[in-house]
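Written out below as structure tokens is the structure these notes cover.
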Amino acid sequence: MINITFPDGSVKQFEAGVTPLQIAESISPRLAQDVLAAKVGGVEWDLSRPIDADTDLHLYKWEDPEGKHAFWHSSAHLLAEALQELYPGVKFGIGPAIENGFYYDIDTNGHTLTSADFSAIEKKMIELARRKEPIVRAEISKADALKVFGERGEEYKCELISELEDGSITTYTQGAFTDLCRGPHLPSTAPIKAVKIMSLAGAYWRGDEKRNQLVRVYGITFPKQKMLDEYLALLEEAKKRDHRKLGKEMGLFAFSANVGQGLPLWLPKGAALRDRLEQFLRKIQKQYGYQQVITPHIGNKNLYVTSGHYAKYGKDSFQPIHTPEEGEEYLLKPMNCPHHCEIFRAAPRSYRELPLRLAEFGTVYRYEQSGELHGLTRVRGFTQDDAHIYCTSDQIKDEFLKVMDIILYIFKTLKFDNYEAQISLRDPNNKEKYIGSDENWQKAEQAIIEACAEKGINARTELGEAAFYGPKLDFMVKDALGRRWQLGTIQVDYNLPERFQLEYTGADNQKHRPVMIHRAPFGSMERFVAVLLEHTAGKFPLWLAPEQAIILPISEKFNDYAYEVKRQLEQQDIRVSVDDRNEKIGRKIRDNELNRVPYMLIVGEKEMENGEVSVRKQGEGDKGSVKITTFAANLTEEVNNMINQ
RNA sequence: GCCACAAUAGCUCAGUCGGUAGAGCAUUUCAUUCGUAACGAAAAGGUCCGGGGUUCGAACCCCCGUUGUGGCUCCA
């Protein structure tokens, strides 16, 4: 008998050689039906693989990432099996599970695969899955593996095998298909009920553009058809919310080939929106003791040589600007930190000034690879909501707490109710990779961990994810469709204070080096507007909406009254316009509903007589008539409630 | 940057075999003056991404470039 320890700490006894699936069956038939994968003694384990010794056991279902992973990994094998049957002679690269589904890289051996083939592949996969073939794990010697895959002409697999250690090689077989694979896998392909081939793409073997190009077939599968339908509906919805589409529709921003790739042009409505976001952030930053600064868009090349950025990114960046002066070179500013360090150096600093918090909506330029540019989320010129905090190492924790306050306030105000945090620390086995003293690192890492605990934030900790110059804390939000976006970053930096020789005079009348903290709650204005657009589907909260209300006269006879209402509302700082087109009221309502204007104010004979407006809320319909002043007061209150919660 | 695909009216898109440009919406004008999600009529609107080539003739075929999309690699 062996002892199996469960995640809740309980221990049960089983016969040696019992499988995780049998254990699940002993707990409940329902669990046995739902379980997809297991972890045994910290090792990913197949459900049908026997356990021989005392150990602990995790069972994973669809809801667990590990469960989905096994499901999609087995689906990748199913795809390969289908491709092998449909197109004999194809050779296989690798076929892993990914965040949403899986892919398989194949060498089609001359056959051209197009999206017209998708339905045939899907059909074949379903047909194979219905055979409910068991997926069988086998351990194989390196020599045998090379022989088996070599005979089948699987050159890519052979290359992989030749790099593996003998004794660690396993294969998985279902039906007539055998793949080199570490696992784990489902016990059989039976649970795969719904299949969708998503797309094709070219991918180089091992990501190396000098090697063969393979065809990457992307797919996704689910245990229920309904889940696939929901997933496809979600993709449809995401397409509708695409910020590039909404930005064009709503007149927020544009791009021009004449201006250049990745250089957004902010249209009047987009610029006003951005300005409102900046004001919002400025206001709270002021409360938290930040001081606004302004620095130029270019800087002498030597500044970036000092900061170290030139050595690291100079070649892959916008190239230096030359002046009539021989040998004089300037760079477009790729980040604001060096400029802010010079502001720190502009005066002798005392410990009494710390923490010194310098904020700037600083526009920076980075030469991103052309293939990486994407709408507003990846551009070559963008404005960071940047700030640098210069403080002592004892102040790090308190500063983190304050920045987290700002970030959480933003999330709350903009209704990003679902967020995660990640703490990135150094790799404890590789300490020499990092700059700064061991003591400082420990202090900073401890400060971040404590700050998260104090805020009640359940942050994931990743070792080895820190930058070479300091640990950091990142926030990820989930938008209305459940997609994750990285938003706020707080980053400790020991490098730049060193490079710029920053100093302050301490209470002991000695010179000390400050610590620097980089932070950007939005990341960049561009990226944040993009995320906000996709999160809200363009229906901005009232306080941000480009137009808060639009007045719809029933007919042209009431245009004068409409403009009088507009004048009165504008006096209360309400953003309002008049739809004075010669159209029927139904038409005006429809158009402005589609334009996402939060309030429509319908005015005709009745309203004019009583000094009223008939209020209609976007998406909700008729709300009845109120006095103009009442509407203005209600709207102002609604806005205030949104930003002062 | 690499690979694949794409670019036609302000927007979304059609355009067959290479024979000289089309729809819906938006716009303008006319008509209408209307009560909570599309009234009607007409007009105007084109460097078919740019350049070169093949051809009697190119939106369409070929080459080069630009920009975009998806993926790969990258991300201070």
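Residues in the structure tokens are numbered from 1 in each chain, the chains being A, B, ... in the order shown, and ligands are numbered from 1 in the order shown.
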
Exercise. Using only C-alpha atoms (C1' of nucleotides), determine which residues of chain A fall within 6 Å of chain B; present them as a PyMOL selection string.
Key: chain A and resi 201-203+257+555+584+587+589-590

Practice problem: Mind listing the strand (DSSP E or B) residues of region 244-491 of chain A, per DSSP on the backbone, as a PyMOL selection string? | Solution: chain A and resi 253-254+265-266+291-292+298-300+321-322+329-332+349-350+356-365+374+378+381-391+418-425+460-463+467+470+472-478+484-491

Quiz prompt | CA of Leu200 (chain A) to CA of Arg483 (chain A), distance in Å rounded to a single decimal | solution =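 If I compute the distance from CA of Leu200 (chain A) to CA of Arg483 (chain A), I get 22.4 Å.
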
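Relative to CA of Asp52 (chain A), CA of Lys12 (chain A) is found at 14.1 Å.
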
Practice problem: Might you pull out every residue within 9 Å of Thr363 (chain A), with only C-alpha atoms (C1' of nucleotides) counted and same-chain residues fewer than 5 positions away left off, and present them as an MDAnalysis selection string? | Solution: chainID A and resid 296:297 333:336 381:385

Exercise. Considering only C-alpha atoms (C1' of nucleotides), return as an MDAnalysis selection string whatever protein or nucleic-acid residues lie within 12 Å of G19 (chain B), sequence-local ones (same chain, fewer than 4 positions apart) excluded.
Key: chainID B and resid 56:58 60

Exercise. List every residue of region 244-337 of chain A that DSSP, applied to the backbone, labels as alpha helix (DSSP H), and write the result as an MDAnalysis selection string.
Key: chainID A and resid 244:249 268:287 301:307 309:313 337

Self-check item: Distance query region 625-640 of chain A at most 8 Å, only C-alpha atoms (C1' of nucleotides), self and fewer than 4 positions along chain excluded, as a PyMOL selection string
Solution: chain A and resi 542-543+565+568-569+572+574+607+610-615+644

Quiz prompt | Residues near region 108-125 of chain A, cut-off 10 Å, only C-alpha atoms (C1' of nucleotides), skip fewer than 3 positions along chain, as number ranges by chain | solution = A: 75, 77-92, 105, 128-130, 189, 192-200, 214-215, 217, 219, 221

May I have the selected residues written with N, CA and C atoms, as a compact mmCIF listing (two decimals), in the first residue's frame?
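Result file follows (again36.txt):
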```
# COMPACT_ATOMS: atom_id res chain seq x y z
N SER A 75 -5.01 17.38 -27.97
CA SER A 75 -5.69 17.82 -29.20
C SER A 75 -4.69 18.08 -30.32
N HIS A 77 -1.96 16.45 -30.72
CA HIS A 77 -1.64 15.12 -31.25
C HIS A 77 -2.75 14.62 -32.16
N LEU A 78 -3.99 14.90 -31.76
CA LEU A 78 -5.14 14.49 -32.58
C LEU A 78 -5.08 15.17 -33.94
N LEU A 79 -4.71 16.46 -33.92
CA LEU A 79 -4.56 17.20 -35.18
C LEU A 79 -3.49 16.54 -36.05
N ALA A 80 -2.37 16.19 -35.42
CA ALA A 80 -1.28 15.56 -36.17
C ALA A 80 -1.73 14.23 -36.75
N GLU A 81 -2.48 13.48 -35.95
CA GLU A 81 -2.98 12.19 -36.43
C GLU A 81 -3.88 12.40 -37.65
N ALA A 82 -4.74 13.42 -37.58
CA ALA A 82 -5.64 13.70 -38.69
C ALA A 82 -4.85 14.11 -39.92
N LEU A 83 -3.84 14.97 -39.73
CA LEU A 83 -3.05 15.44 -40.87
C LEU A 83 -2.30 14.28 -41.50
N GLN A 84 -1.82 13.35 -40.66
CA GLN A 84 -1.09 12.19 -41.17
C GLN A 84 -2.00 11.33 -42.05
N GLU A 85 -3.26 11.21 -41.64
CA GLU A 85 -4.20 10.40 -42.43
C GLU A 85 -4.59 11.10 -43.72
N LEU A 86 -4.81 12.42 -43.61
CA LEU A 86 -5.30 13.16 -44.77
C LEU A 86 -4.20 13.42 -45.79
N TYR A 87 -3.00 13.69 -45.31
CA TYR A 87 -1.92 14.07 -46.21
C TYR A 87 -0.70 13.20 -45.92
N PRO A 88 -0.70 11.97 -46.40
CA PRO A 88 0.41 11.07 -46.09
C PRO A 88 1.72 11.71 -46.54
N GLY A 89 2.74 11.52 -45.71
CA GLY A 89 4.04 12.06 -46.06
C GLY A 89 4.37 13.36 -45.35
N VAL A 90 3.39 13.97 -44.65
CA VAL A 90 3.72 15.19 -43.91
C VAL A 90 4.67 14.82 -42.78
N LYS A 91 5.56 15.79 -42.49
CA LYS A 91 6.51 15.59 -41.41
C LYS A 91 6.21 16.57 -40.29
N PHE A 92 6.46 16.14 -39.08
CA PHE A 92 6.03 16.95 -37.94
C PHE A 92 7.17 17.65 -37.22
N ASP A 105 3.32 22.43 -35.91
CA ASP A 105 4.14 22.85 -37.04
C ASP A 105 4.39 21.63 -37.92
N LEU A 128 -11.69 10.73 -35.65
CA LEU A 128 -10.67 10.00 -34.90
C LEU A 128 -10.96 10.02 -33.41
N ALA A 129 -11.42 11.18 -32.90
CA ALA A 129 -11.70 11.29 -31.47
C ALA A 129 -12.80 10.32 -31.06
N ARG A 130 -13.76 10.13 -31.97
CA ARG A 130 -14.89 9.25 -31.64
C ARG A 130 -14.47 7.79 -31.53
N THR A 189 -8.54 10.16 -26.50
CA THR A 189 -9.01 11.35 -27.21
C THR A 189 -10.51 11.54 -27.07
N ILE A 192 -12.52 14.94 -26.39
CA ILE A 192 -12.45 16.04 -27.36
C ILE A 192 -13.69 15.98 -28.25
N LYS A 193 -14.61 16.89 -28.00
CA LYS A 193 -15.92 16.81 -28.65
C LYS A 193 -16.13 17.89 -29.70
N ALA A 194 -15.47 19.05 -29.53
CA ALA A 194 -15.69 20.17 -30.46
C ALA A 194 -14.34 20.66 -30.94
N VAL A 195 -14.20 20.83 -32.25
CA VAL A 195 -12.91 21.13 -32.85
C VAL A 195 -13.04 22.29 -33.81
N LYS A 196 -12.10 23.22 -33.75
CA LYS A 196 -12.07 24.31 -34.72
C LYS A 196 -10.63 24.58 -35.13
N ILE A 197 -10.36 24.48 -36.42
CA ILE A 197 -9.06 24.90 -36.92
C ILE A 197 -9.17 26.41 -37.15
N MET A 198 -8.28 27.16 -36.55
CA MET A 198 -8.42 28.62 -36.56
C MET A 198 -7.70 29.29 -37.72
N SER A 199 -6.43 28.95 -37.90
CA SER A 199 -5.66 29.68 -38.91
C SER A 199 -4.39 28.93 -39.27
N LEU A 200 -3.74 29.45 -40.30
CA LEU A 200 -2.45 28.92 -40.73
C LEU A 200 -1.44 30.05 -40.64
N LEU A 214 8.05 25.98 -41.83
CA LEU A 214 6.98 25.01 -41.66
C LEU A 214 5.64 25.72 -41.67
N VAL A 215 4.59 24.96 -41.84
CA VAL A 215 3.25 25.54 -41.76
C VAL A 215 2.75 25.30 -40.34
N VAL A 217 -0.31 25.13 -37.98
CA VAL A 217 -1.77 25.01 -38.01
C VAL A 217 -2.27 25.28 -36.59
N GLY A 219 -5.33 25.58 -33.81
CA GLY A 219 -6.67 25.07 -33.57
C GLY A 219 -7.06 25.22 -32.13
N THR A 221 -9.94 23.29 -29.20
CA THR A 221 -10.92 22.22 -28.99
C THR A 221 -11.58 22.41 -27.63
```

I'd like the contact shell of His388 (chain A) - 8 Å cut-off, only C-alpha atoms (C1' of nucleotides), skipping same-chain residues fewer than 5 positions apart - returned as a tab-separated table (two decimals) with N, CA and C atoms, in the first residue's frame.
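As a result, part.tsv now contains:
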```
chain	number	residue	atom	x	y	z
A	337	CYS	N	13.76	58.75	-18.22
A	337	CYS	CA	14.54	58.65	-16.99
A	337	CYS	C	15.84	59.45	-17.01
A	340	HIS	N	15.21	62.98	-16.27
A	340	HIS	CA	14.79	63.23	-14.90
A	340	HIS	C	15.98	63.13	-13.94
A	357	ARG	N	9.51	63.26	-6.15
A	357	ARG	CA	8.68	62.56	-7.15
A	357	ARG	C	8.49	63.46	-8.36
A	358	LEU	N	9.15	63.09	-9.47
A	358	LEU	CA	9.10	63.90	-10.69
A	358	LEU	C	8.22	63.21	-11.72
A	359	ALA	N	7.17	63.90	-12.14
A	359	ALA	CA	6.22	63.31	-13.09
A	359	ALA	C	6.21	64.08	-14.39
A	516	MET	N	16.03	54.73	-7.10
A	516	MET	CA	15.11	55.32	-8.06
A	516	MET	C	13.97	54.33	-8.29
A	517	ILE	N	12.76	54.85	-8.38
A	517	ILE	CA	11.62	54.00	-8.72
A	517	ILE	C	10.97	54.56	-9.98
A	518	HIS	N	10.83	53.70	-10.99
A	518	HIS	CA	10.08	54.08	-12.20
A	518	HIS	C	8.65	53.61	-12.00
A	519	ARG	N	7.69	54.42	-12.44
A	519	ARG	CA	6.33	53.91	-12.38
A	519	ARG	C	5.47	54.56	-13.45
```

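Our summary of the geometry notes that CA of Pro324 (chain A) is positioned 25.2 Å from CA of Glu342 (chain A).
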